[in-house]
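*Asks:* Could you have a look at this structure, given as structure tokens, before my questions?
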Amino acid sequence: MKQKDLFFSLLVVIILLPFLPLPIFAGFQKSFLYNEEYWFLTSFIKFALLATLGEVIGLRIKTGNYNAPGFGIMPRAVVWGFLGISIKMAFVVFGAGVPIFLEKSCGLQHAIDSMKLKDFFDASDNGLGGIRLLTAFSISALMNIIFAPVMMTFHKITDTHITSNGGTIRGFFKPIPFGKIFPSINWLVQWDFVFKRTIPFFWIPAHTVTFLMPNEYRVAFAAILGIALGIILSIASMKGKK
């Protein structure tokens with residue numbers, strides 16, 4: 001392992017520590033990081049840090065470097081911050097709406113009650129473990145089928161825009177030519193790798209686990225998954241350039 005990898009690993013540990021359920025950070029987490037009153041700001045911060053970190057790791061895997069001319073770490077962080085807000089909104093909308101849909105339209109009794117319990121183990125103790133598992137899977141599946149492709153495609157468009165403008169903040173704030181970028185996307189990679197493989201085999205199982213957890217830990221888990229999301233989309237972007 002090179003010296004730069006040691007320094008980067010140390011940075012990753014430092015960034016991740018406040019998200020972990022450690023007593024030393026309990027006050028900070030309760031008052032700010034996991035406080036729903038600040039969801040807009042904390043969602044931005046979590047994904048700006050962690051998903052961008054994932055993209056940097058993806059670049060390291062591909063090129064051997066943590067940065068490159070035109071990569072645009074700061075513009076990517078801004079994009080991920082706003083995507084983080086949209087992901088948080090999706091968690092709330094699908095997390096609340098899917099149990100109602102399952103119970104009212106599909107006849108799955110106690111789907112709503114199962115999600116009100118603390119976690120899968122609490123649901124199991126109350127005889128609703130199987131219902132909680134099915135409901136969590138349904139939330140994850142619908143969220144990743146309906147929301148994720150749109151979000152991932154938007155990320156690809158902004159990624160192209162950032163690269164085309166030299167990775168600068170000034171270039172990033174130029175109008176995004178959606179009509180020009182959209183048909184230039186490598187849809188074979190976008191469909192065959194990003195959609196067809198990562199959604200069913202990684203994201204749906206991962207977010208099923210998310211919705212089996214207590215609410216306070218879902219945020220931490222989603223934030224850590226943000227690193228994986230950044231890596232996956234970064235690697236997909238590189239595959240499209242081959």
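To be explicit about the labels: the chains of the structure tokens are called A, B, and onward in the order shown, and within each one the residues are counted from 1, while ligands get numbers from 1 in the order they are shown.
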Would you list the contacts of A:Glu55 as JSON, numbers by chain, taking every protein, DNA or RNA residue within 6 Å and counting only C-alpha atoms, but skipping same-chain residues closer than 3 positions in sequence?
*Replies:* {"A": [52, 58, 230, 231, 234]}
*Asks:* Looking at A:Ile14, A:Ser114, A:Thr198, A:Leu233, which one is nearest to A:Gly127, with distances taken over only C-alpha atoms?
*Replies:* A:Ser114
*Asks:* Could you make a table, as a tab-separated table, of the residues of stretch 39-63 of chain A that have an atom within 10 Å of an atom of stretch 207-221 of chain A, each with its nearest atom pair and distance in Å to one decimal, counting only C-alpha atoms, in chain and number order?
*Replies:*
residue	atom	partner	partner_atom	distance
A:Thr42	CA	A:Val219	CA	9.9
A:Ser43	CA	A:Val219	CA	8.8
A:Lys46	CA	A:Ala220	CA	9.0
*Asks:* What lies within 8 Å of A:Ile73 using only C-alpha atoms, ignoring chain neighbours under 2 positions off, as a ChimeraX atom specification?
*Replies:* /A:52,56,67,71,75-77,167
*Asks:* What's the 8 Å shell around A:Gly226, counting only C-alpha atoms, without same-chain residues fewer than 5 positions away, as a CSV table (one decimal) with N, CA, C and O atoms, in the first residue's frame?
*Replies:*
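File produced: selection-v4.csv:
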chain,number,residue,atom,x,y,z
A,47,PHE,N,-24.2,12.9,1.8
A,47,PHE,CA,-24.0,12.4,0.5
A,47,PHE,C,-22.9,13.2,-0.3
A,47,PHE,O,-22.2,12.7,-1.1
A,50,LEU,N,-19.8,11.4,1.4
A,50,LEU,CA,-19.6,10.0,1.3
A,50,LEU,C,-19.7,9.5,-0.2
A,50,LEU,O,-18.9,8.6,-0.6
A,51,ALA,N,-20.7,9.9,-0.9
A,51,ALA,CA,-20.8,9.5,-2.3
A,51,ALA,C,-19.7,10.0,-3.1
A,51,ALA,O,-19.2,9.3,-4.0
A,54,GLY,N,-16.8,7.9,-2.6
A,54,GLY,CA,-16.9,6.7,-3.4
A,54,GLY,C,-16.5,6.9,-4.8
A,54,GLY,O,-15.8,6.0,-5.4
*Asks:* Check the smallest atom-to-atom distance from each of A:Thr168, A:Gln190, A:Thr135, A:Thr63 to A:Val78 using only C-alpha atoms, then report the winner.
*Replies:*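 Of A:Thr168, A:Gln190, A:Thr135, A:Thr63, the one nearest A:Val78, counting only C-alpha atoms, is A:Thr168.
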*Asks:* Could you pull out all residues of stretch 38-180 of chain A with a DSSP call of helix (DSSP H, G or I) and give them as a VMD selection string?
*Replies:* chain A and resid 38 to 63 73 to 105 111 to 116 120 to 125 129 to 146 148 to 164 169 to 172 178 to 180
*Asks:* May I have the residues within 12 Å of stretch 138-145 of chain A as a PyMOL selection string, using only C-alpha atoms and disregarding those fewer than 2 positions away in the same chain?
*Replies:* chain A and resi 86-103+106+108+111-112+115+131-136+147-152+194-196+198-212
